[in-house]
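Chemist: Here you go, structure.csv (CSV, C-alpha atoms):
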```
chain,number,residue,atom,x,y,z
A,1094,MET,CA,34.6,33.4,-41.7
A,1095,THR,CA,33.9,36.8,-40.2
A,1096,ASN,CA,34.8,38.0,-36.8
A,1097,GLU,CA,31.2,38.0,-35.7
A,1098,GLU,CA,31.0,34.3,-36.3
A,1099,VAL,CA,33.8,33.5,-33.9
A,1100,ARG,CA,32.6,35.8,-31.2
A,1101,GLN,CA,32.4,33.7,-28.0
A,1102,GLU,CA,30.9,34.4,-24.7
A,1103,ILE,CA,33.4,33.6,-22.0
A,1104,ILE,CA,31.8,34.8,-18.8
A,1105,ASN,CA,28.2,35.5,-17.6
A,1106,PHE,CA,27.6,36.5,-14.0
A,1107,GLU,CA,24.5,37.7,-12.2
A,1108,ILE,CA,25.3,40.4,-9.7
A,1109,GLU,CA,23.1,41.3,-6.7
A,1110,ALA,CA,22.5,44.8,-5.5
A,1111,GLY,CA,24.6,45.6,-2.4
A,1112,ASP,CA,26.5,42.3,-2.5
A,1113,PHE,CA,30.0,43.7,-1.9
A,1114,SER,CA,31.3,40.2,-1.1
A,1115,SER,CA,31.0,39.2,-4.8
A,1116,GLY,CA,32.9,42.3,-6.0
A,1117,GLY,CA,35.7,41.1,-8.2
A,1118,GLU,CA,34.4,37.6,-9.0
A,1119,ALA,CA,33.5,38.3,-12.6
A,1120,SER,CA,36.7,40.3,-13.3
A,1121,SER,CA,38.9,37.6,-11.7
A,1122,LYS,CA,37.3,34.8,-13.6
A,1123,LEU,CA,37.5,36.8,-16.8
A,1124,LYS,CA,41.2,37.6,-16.1
A,1125,SER,CA,42.1,33.9,-15.7
A,1126,ILE,CA,40.3,33.0,-18.9
A,1127,LEU,CA,42.0,35.7,-20.9
A,1128,ARG,CA,45.4,34.5,-19.5
A,1129,LYS,CA,44.7,31.0,-20.7
A,1130,LEU,CA,43.8,32.4,-24.1
A,1131,GLY,CA,47.2,34.0,-24.2
A,1132,ILE,CA,46.0,37.6,-24.3
A,1133,PRO,CA,48.8,40.1,-23.6
A,1134,SER,CA,49.0,41.2,-20.0
A,1135,GLN,CA,48.5,44.9,-20.6
A,1136,LEU,CA,45.2,44.1,-22.3
A,1137,ILE,CA,44.2,41.9,-19.5
A,1138,ARG,CA,45.0,44.7,-17.1
A,1139,LYS,CA,42.7,47.1,-19.1
A,1140,THR,CA,39.9,44.5,-19.2
A,1141,ALA,CA,40.2,43.7,-15.5
A,1142,ILE,CA,40.1,47.3,-14.3
A,1143,THR,CA,37.1,48.0,-16.6
A,1144,THR,CA,35.2,44.9,-15.5
A,1145,TYR,CA,35.9,45.4,-11.8
A,1146,GLU,CA,34.5,49.0,-11.9
A,1147,LEU,CA,31.5,47.8,-13.9
A,1148,GLU,CA,30.8,45.1,-11.3
A,1149,ILE,CA,31.2,47.5,-8.4
A,1150,ASN,CA,28.8,50.0,-10.1
A,1151,ILE,CA,26.1,47.3,-10.4
A,1152,ILE,CA,26.6,46.5,-6.7
A,1153,ILE,CA,26.5,50.1,-5.5
A,1154,HIS,CA,24.1,51.8,-7.8
A,1155,THR,CA,21.5,49.4,-9.2
A,1156,PHE,CA,18.7,47.0,-8.3
A,1157,GLY,CA,20.9,44.2,-9.6
A,1158,GLY,CA,22.3,43.2,-13.0
A,1159,ARG,CA,24.6,41.1,-15.0
A,1160,ILE,CA,28.1,41.1,-16.4
A,1161,SER,CA,29.1,39.2,-19.4
A,1162,ALA,CA,32.1,39.2,-21.7
A,1163,GLU,CA,32.7,38.1,-25.2
A,1164,VAL,CA,35.9,37.6,-27.1
A,1165,SER,CA,36.5,37.7,-30.9
A,1166,PRO,CA,39.7,37.9,-32.9
A,1167,LYS,CA,39.3,41.7,-33.0
A,1168,GLU,CA,38.3,42.6,-29.4
A,1169,ILE,CA,37.1,41.8,-25.9
A,1170,LYS,CA,33.6,43.1,-25.2
A,1171,VAL,CA,32.4,43.5,-21.6
A,1172,ILE,CA,28.7,44.1,-21.2
A,1173,ALA,CA,27.1,45.3,-17.9
A,1174,SER,CA,23.4,45.5,-17.8
A,1175,ASP,CA,21.1,46.3,-14.9
A,1176,GLN,CA,17.5,46.5,-13.9
A,1177,GLY,CA,17.5,50.2,-13.0
A,1178,PRO,CA,17.1,52.8,-11.8
A,1179,GLY,CA,19.0,54.4,-14.7
A,1180,ILE,CA,21.5,57.2,-14.8
A,1181,GLU,CA,19.9,60.6,-14.5
A,1182,ASP,CA,22.7,62.7,-16.0
A,1183,VAL,CA,25.2,60.7,-17.9
A,1184,ASP,CA,27.6,63.6,-18.5
A,1185,LYS,CA,27.7,64.4,-14.8
A,1186,ALA,CA,28.2,60.7,-13.9
A,1187,PHE,CA,31.4,60.7,-16.0
A,1188,GLN,CA,32.8,63.8,-14.2
A,1189,PRO,CA,35.7,62.8,-12.0
A,1190,GLY,CA,34.7,63.1,-8.3
A,1191,TYR,CA,31.0,63.2,-9.0
A,1192,SER,CA,29.2,60.3,-7.2
A,1193,THR,CA,25.8,59.4,-5.9
A,1194,ALA,CA,27.1,56.5,-3.8
A,1195,ASN,CA,25.8,56.0,-0.3
A,1196,GLU,CA,27.7,56.3,3.0
A,1197,LYS,CA,28.3,52.5,3.2
A,1198,ALA,CA,30.0,52.4,-0.2
A,1199,ARG,CA,32.1,55.5,0.7
A,1200,GLU,CA,33.3,54.0,4.0
A,1201,MET,CA,34.6,51.0,2.0
A,1202,GLY,CA,36.6,53.2,-0.2
A,1203,PHE,CA,34.2,53.2,-3.2
A,1204,GLY,CA,32.1,56.1,-4.3
A,1205,ALA,CA,34.9,58.5,-4.9
A,1206,GLY,CA,33.5,59.4,-8.3
A,1207,MET,CA,36.2,57.7,-10.2
A,1208,GLY,CA,34.6,54.4,-11.4
A,1209,LEU,CA,33.2,55.5,-14.7
A,1210,CYS,CA,36.3,57.6,-15.3
A,1211,ASN,CA,38.4,54.5,-15.0
A,1212,ILE,CA,36.1,52.6,-17.3
A,1213,LYS,CA,36.4,55.3,-19.9
A,1214,ARG,CA,40.2,55.5,-19.5
A,1215,TYR,CA,40.9,51.8,-19.7
A,1216,SER,CA,38.5,50.8,-22.4
A,1217,ASP,CA,39.1,51.6,-26.0
A,1218,ASN,CA,35.5,52.3,-26.8
A,1219,LEU,CA,32.4,52.7,-24.6
A,1220,GLU,CA,28.7,52.7,-25.3
A,1221,VAL,CA,26.2,53.7,-22.6
A,1222,ARG,CA,22.5,53.3,-22.9
A,1223,THR,CA,20.3,54.3,-20.0
A,1224,LYS,CA,16.7,54.9,-19.3
A,1225,ILE,CA,15.3,56.2,-16.0
A,1226,GLY,CA,13.0,53.5,-14.5
A,1227,GLU,CA,14.3,50.8,-16.8
A,1228,GLY,CA,18.1,50.5,-16.4
A,1229,THR,CA,21.5,50.9,-18.0
A,1230,THR,CA,23.6,48.9,-20.4
A,1231,ILE,CA,27.2,49.7,-20.8
A,1232,GLU,CA,29.3,48.0,-23.4
A,1233,ALA,CA,33.1,48.4,-23.1
A,1234,TYR,CA,35.5,47.3,-25.8
A,1235,ILE,CA,39.2,46.5,-25.5
A,1236,TYR,CA,40.8,46.1,-28.9
A,1237,LEU,CA,43.2,43.2,-29.3
A,1238,ASP,CA,45.1,45.1,-32.0
A,1239,GLN,CA,46.6,48.0,-30.1
A,1240,SER,CA,48.6,49.3,-33.0
A,1241,GLY,CA,46.5,52.5,-32.9
A,1242,ASP,CA,47.0,55.3,-30.4
A,1243,ASN,CA,44.8,53.7,-27.7
A,1244,ILE,CA,47.5,52.2,-25.6
A,1245,GLU,CA,47.5,53.7,-22.1
B,1173,MET,CA,63.8,42.9,-2.1
B,1174,ASN,CA,61.2,40.2,-1.3
B,1175,ILE,CA,58.3,40.2,1.2
B,1176,LYS,CA,60.2,38.1,3.7
B,1177,ASP,CA,63.1,40.6,3.8
B,1178,LEU,CA,60.7,43.5,4.1
B,1179,ILE,CA,58.9,41.8,7.1
B,1180,GLU,CA,62.3,41.5,8.9
B,1181,GLU,CA,63.5,44.9,8.0
B,1182,LEU,CA,60.4,46.8,9.2
B,1183,ASP,CA,59.1,44.3,11.8
B,1184,LEU,CA,55.7,43.9,10.0
B,1185,GLU,CA,53.2,41.4,11.3
B,1186,VAL,CA,52.1,38.6,8.9
B,1187,VAL,CA,48.3,38.2,8.9
B,1188,VAL,CA,48.0,35.8,6.0
B,1189,GLU,CA,51.1,34.1,4.5
B,1190,ALA,CA,50.8,33.1,0.9
B,1191,ASP,CA,54.1,33.6,-0.9
B,1192,LEU,CA,56.7,35.5,1.1
B,1193,GLU,CA,59.3,35.0,-1.6
B,1194,LYS,CA,57.5,37.4,-3.9
B,1195,GLU,CA,59.7,40.3,-5.2
B,1196,ILE,CA,58.6,43.8,-4.5
B,1197,LYS,CA,58.5,46.1,-7.5
B,1198,GLY,CA,56.9,49.2,-6.1
B,1199,ALA,CA,54.4,50.6,-3.7
B,1200,TYR,CA,51.2,52.6,-3.5
B,1201,SER,CA,49.2,54.2,-0.7
B,1202,SER,CA,45.5,55.1,-0.9
B,1203,ASP,CA,42.2,54.1,0.6
B,1204,LEU,CA,40.2,54.9,-2.5
B,1205,LEU,CA,39.8,51.6,-4.4
B,1206,SER,CA,39.3,53.1,-7.8
B,1207,ASN,CA,42.6,54.9,-7.5
B,1208,VAL,CA,44.3,51.7,-6.3
B,1209,MET,CA,42.9,49.8,-9.2
B,1210,ALA,CA,44.2,52.3,-11.7
B,1211,ARG,CA,47.6,53.0,-10.1
B,1212,THR,CA,48.9,49.8,-8.8
B,1213,LYS,CA,50.8,47.2,-10.9
B,1214,GLU,CA,52.1,43.7,-10.6
B,1215,GLY,CA,54.5,43.3,-7.7
B,1216,ASP,CA,53.4,46.4,-5.8
B,1217,LEU,CA,52.8,46.7,-2.1
B,1218,TRP,CA,49.5,48.5,-1.2
B,1219,LEU,CA,49.2,50.4,2.0
B,1220,THR,CA,45.7,51.0,3.3
B,1221,VAL,CA,43.4,51.3,6.3
B,1222,GLN,CA,40.7,49.4,4.4
B,1223,GLY,CA,40.2,45.9,5.8
B,1224,HIS,CA,37.2,44.4,3.9
B,1225,GLN,CA,37.3,41.6,1.4
B,1226,ASN,CA,37.5,43.8,-1.7
B,1227,ILE,CA,41.1,44.6,-0.8
B,1228,VAL,CA,41.8,40.9,-1.7
B,1229,ALA,CA,39.9,41.2,-5.0
B,1230,ILE,CA,42.0,44.2,-6.0
B,1231,ALA,CA,45.3,42.5,-4.9
B,1232,LEU,CA,44.3,39.5,-7.0
B,1233,LEU,CA,43.3,41.5,-10.1
B,1234,ASN,CA,46.5,43.6,-10.1
B,1235,ASP,CA,48.8,40.8,-8.9
B,1236,LEU,CA,50.0,42.8,-5.9
B,1237,ALA,CA,52.9,41.5,-3.9
B,1238,ALA,CA,51.1,42.2,-0.6
B,1239,VAL,CA,48.5,44.3,1.1
B,1240,ILE,CA,49.7,46.1,4.3
B,1241,THR,CA,47.0,47.5,6.6
B,1242,THR,CA,48.5,50.4,8.6
B,1243,GLU,CA,47.8,52.1,11.9
B,1244,GLU,CA,46.8,48.7,13.4
B,1245,PHE,CA,43.9,48.4,11.1
B,1246,GLU,CA,43.3,44.7,10.3
B,1247,ALA,CA,41.8,42.8,7.5
B,1248,ASP,CA,38.4,41.3,8.6
B,1249,GLU,CA,37.7,37.6,8.7
B,1250,GLU,CA,36.2,37.4,5.3
B,1251,ALA,CA,39.2,39.2,3.8
B,1252,ARG,CA,41.6,36.9,5.6
B,1253,SER,CA,39.9,33.7,4.5
B,1254,LYS,CA,39.6,35.0,0.9
B,1255,ALA,CA,43.3,36.0,1.0
B,1256,GLN,CA,44.2,32.5,2.2
B,1257,ASN,CA,42.2,30.8,-0.5
B,1258,GLN,CA,43.4,33.1,-3.3
B,1259,GLY,CA,47.0,33.2,-2.2
B,1260,ILE,CA,47.4,36.9,-1.3
B,1261,ASN,CA,49.9,38.1,1.3
B,1262,LEU,CA,48.3,40.2,4.0
B,1263,LEU,CA,50.5,42.1,6.5
B,1264,LYS,CA,49.9,44.7,9.1
B,1265,THR,CA,51.8,47.4,11.0
B,1266,THR,CA,51.4,49.9,13.8
B,1267,LEU,CA,52.9,52.7,11.6
B,1268,SER,CA,50.6,55.1,9.7
B,1269,SER,CA,50.6,54.9,5.9
B,1270,TYR,CA,52.7,58.0,5.8
B,1271,GLU,CA,55.3,56.6,8.2
B,1272,LEU,CA,55.4,53.3,6.4
B,1273,SER,CA,55.8,55.0,3.0
B,1274,GLY,CA,58.8,56.9,4.4
B,1275,GLU,CA,60.4,53.7,5.6
B,1276,LEU,CA,59.8,51.9,2.3
B,1277,TYR,CA,61.3,54.8,0.4
B,1278,LYS,CA,64.4,54.7,2.6
B,1279,LEU,CA,64.7,51.0,1.6
B,1280,GLY,CA,64.7,52.1,-2.0
B,1281,ILE,CA,61.2,50.8,-2.8
B,1282,GLY,CA,59.3,53.0,-5.3
B,1283,GLN,CA,62.3,55.3,-5.9
B,1284,LYS,CA,62.4,56.5,-9.5
```
Could you express the structure from this file as structure tokens?

Modeler:
Amino acid sequence: MTNEEVRQEIINFEIEAGDFSSGGEASSKLKSILRKLGIPSQLIRKTAITTYELEINIIIHTFGGRISAEVSPKEIKVIASDQGPGIEDVDKAFQPGYSTANEKAREMGFGAGMGLCNIKRYSDNLEVRTKIGEGTTIEAYIYLDQSGDNIE
Amino acid sequence: MNIKDLIEELDLEVVVEADLEKEIKGAYSSDLLSNVMARTKEGDLWLTVQGHQNIVAIALLNDLAAVITTEEFEADEEARSKAQNQGINLLKTTLSSYELSGELYKLGIGQK
């Protein structure tokens, strides 16, 4: 049996634009499932930080989207996809301190331009696909075998 | 030191009581949530002036010992009810984050 065959979706949440009250629901749920699966706590921490930031990004920056996560013997994969507007300059978006968040988000302590930086730092591999007018899909991977040099 | 001892020591006000026996392992002070997500660890206290319900989400995700709102800022109703349901200790103080940090440090919390 290959890893692909035992890949299993463990969460799938719809996230509404601007709905700050739901921030953290997907990541908390994912965290509790990973705990039950016996995943080591430092990997749960990496996954929780990554997922929380992805959730908040959908709430702040998009017209709405979805967070799901899959687990296989090899990795945890978190997928955030949204319905737009798409990221104009991906390189800039990953610069620490760069943000296009609105005043409301900033007042709440978001929008400091650190979200994508955290996602990049705490995930082991990241794929970003974005198209203006269509939307963005981000896939973040946390490897279950951390024997490489990707431990924080 | 646990939360109960800390409350007595620094005369903190309990806003939501979950588990006051929780041991304090460290502390962090910031109002930028991404920094708090990245820098806090299990058993930490978090000092902030933010009072909305996302403070509870972060406390839950990082297994924080308590969130302390400073300078008389207070967690709003949604945050309090979420903390109650999820079992997160919420405390408050009239001290600023800077002043409270100093007091915590004197107690040996967060000293390397």

Chemist: In Å, with one decimal, what is the gap from CA of Pro1178 (chain A) to CA of Gly1158 (chain A)?

Modeler: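 CA of Gly1158 (chain A) lies 11.0 Å from CA of Pro1178 (chain A).
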
Chemist: How close does chain A get to chain B? List, as a Markdown table, each residue of chain A within 7 Å, its nearest atom pair and the distance in Å to one decimal, counting all atoms listed in the file.

Modeler:
```
| residue | atom | partner | partner_atom | distance |
| --- | --- | --- | --- | --- |
| A:Ser1114 | CA | B:Gln1225 | CA | 6.6 |
| A:Gly1116 | CA | B:Asn1226 | CA | 6.5 |
| A:Gly1117 | CA | B:Ala1229 | CA | 5.3 |
| A:Ser1121 | CA | B:Leu1233 | CA | 6.1 |
| A:Ala1141 | CA | B:Leu1233 | CA | 6.6 |
| A:Ile1142 | CA | B:Met1209 | CA | 6.3 |
| A:Met1201 | CA | B:Gln1222 | CA | 6.7 |
| A:Gly1202 | CA | B:Leu1204 | CA | 4.6 |
| A:Phe1203 | CA | B:Leu1205 | CA | 5.9 |
| A:Ala1205 | CA | B:Leu1204 | CA | 6.8 |
| A:Met1207 | CA | B:Ser1206 | CA | 6.0 |
| A:Gly1208 | CA | B:Ser1206 | CA | 6.1 |
```

Chemist: Which of these residues is nearest to Arg1211 (chain B), using only C-alpha atoms: A:Lys1139, A:Leu1130, A:Asn1105, A:Lys1213?

Modeler: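 Closest residue, counting only C-alpha atoms: A:Lys1139.
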
Chemist: Which residue gives the smallest distance to Val1239 (chain B) among B:Glu1195, B:Leu1276, B:Val1186, B:Glu1181, with only C-alpha atoms counted?

Modeler: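 Looking only at the distances to Val1239 (chain B), the closest residue turns out to be B:Val1186.
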
Chemist: Determine, counting all atoms listed in the file, which protein, DNA and RNA residues have an atom within 6 Å of an atom of Lys1170 (chain A); residues of the same chain fewer than 6 positions away are not included. Present the result as a CSV table (one decimal) with C-alpha atoms, in the coordinates of the input.

Modeler:
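File written: around_25.csv
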```csv
chain,number,residue,atom,x,y,z
A,1162,ALA,CA,32.1,39.2,-21.7
A,1163,GLU,CA,32.7,38.1,-25.2
A,1233,ALA,CA,33.1,48.4,-23.1
A,1234,TYR,CA,35.5,47.3,-25.8
```

Chemist: Separation of CA of Tyr1277 (chain B) and CA of Asp1216 (chain B), in Å?

Modeler: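 Between these atoms lies a distance of 13.1 Å.
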
Chemist: Using CA of Gln1283 (chain B) and CA of Trp1218 (chain B) as the two end points, give the distance in Å to one decimal.

Modeler: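 We find that CA of Gln1283 (chain B) and CA of Trp1218 (chain B) lie 15.2 Å from each other.
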
Chemist: For Ile1179 (chain B), please output as a PyMOL selection string all residues within 12 Å (counting all atoms listed in the file; exclusion window: fewer than 4 positions along the same chain).

Modeler: chain B and resi 1173-1175+1183-1187+1189+1192-1194+1196+1238+1240+1261-1265+1276

Chemist: Please identify all polymer residues within 9 Å of Pro1189 (chain A), counting only C-alpha atoms, omitting same-chain residues fewer than 2 positions from it, and present them as a ChimeraX atom specification.

Modeler: /A:1185-1187,1191-1192,1205-1210

Chemist: Please produce a file of those selected residues containing C-alpha atoms, as an mmCIF file, in the frame of the given file.

Modeler:
```cif
data_model
loop_
_atom_site.group_PDB
_atom_site.id
_atom_site.type_symbol
_atom_site.label_atom_id
_atom_site.label_comp_id
_atom_site.auth_asym_id
_atom_site.auth_seq_id
_atom_site.Cartn_x
_atom_site.Cartn_y
_atom_site.Cartn_z
ATOM 1 C CA LYS A 1185 27.700 64.400 -14.800
ATOM 2 C CA ALA A 1186 28.200 60.700 -13.900
ATOM 3 C CA PHE A 1187 31.400 60.700 -16.000
ATOM 4 C CA TYR A 1191 31.000 63.200 -9.000
ATOM 5 C CA SER A 1192 29.200 60.300 -7.200
ATOM 6 C CA ALA A 1205 34.900 58.500 -4.900
ATOM 7 C CA GLY A 1206 33.500 59.400 -8.300
ATOM 8 C CA MET A 1207 36.200 57.700 -10.200
ATOM 9 C CA GLY A 1208 34.600 54.400 -11.400
ATOM 10 C CA LEU A 1209 33.200 55.500 -14.700
ATOM 11 C CA CYS A 1210 36.300 57.600 -15.300
#
```
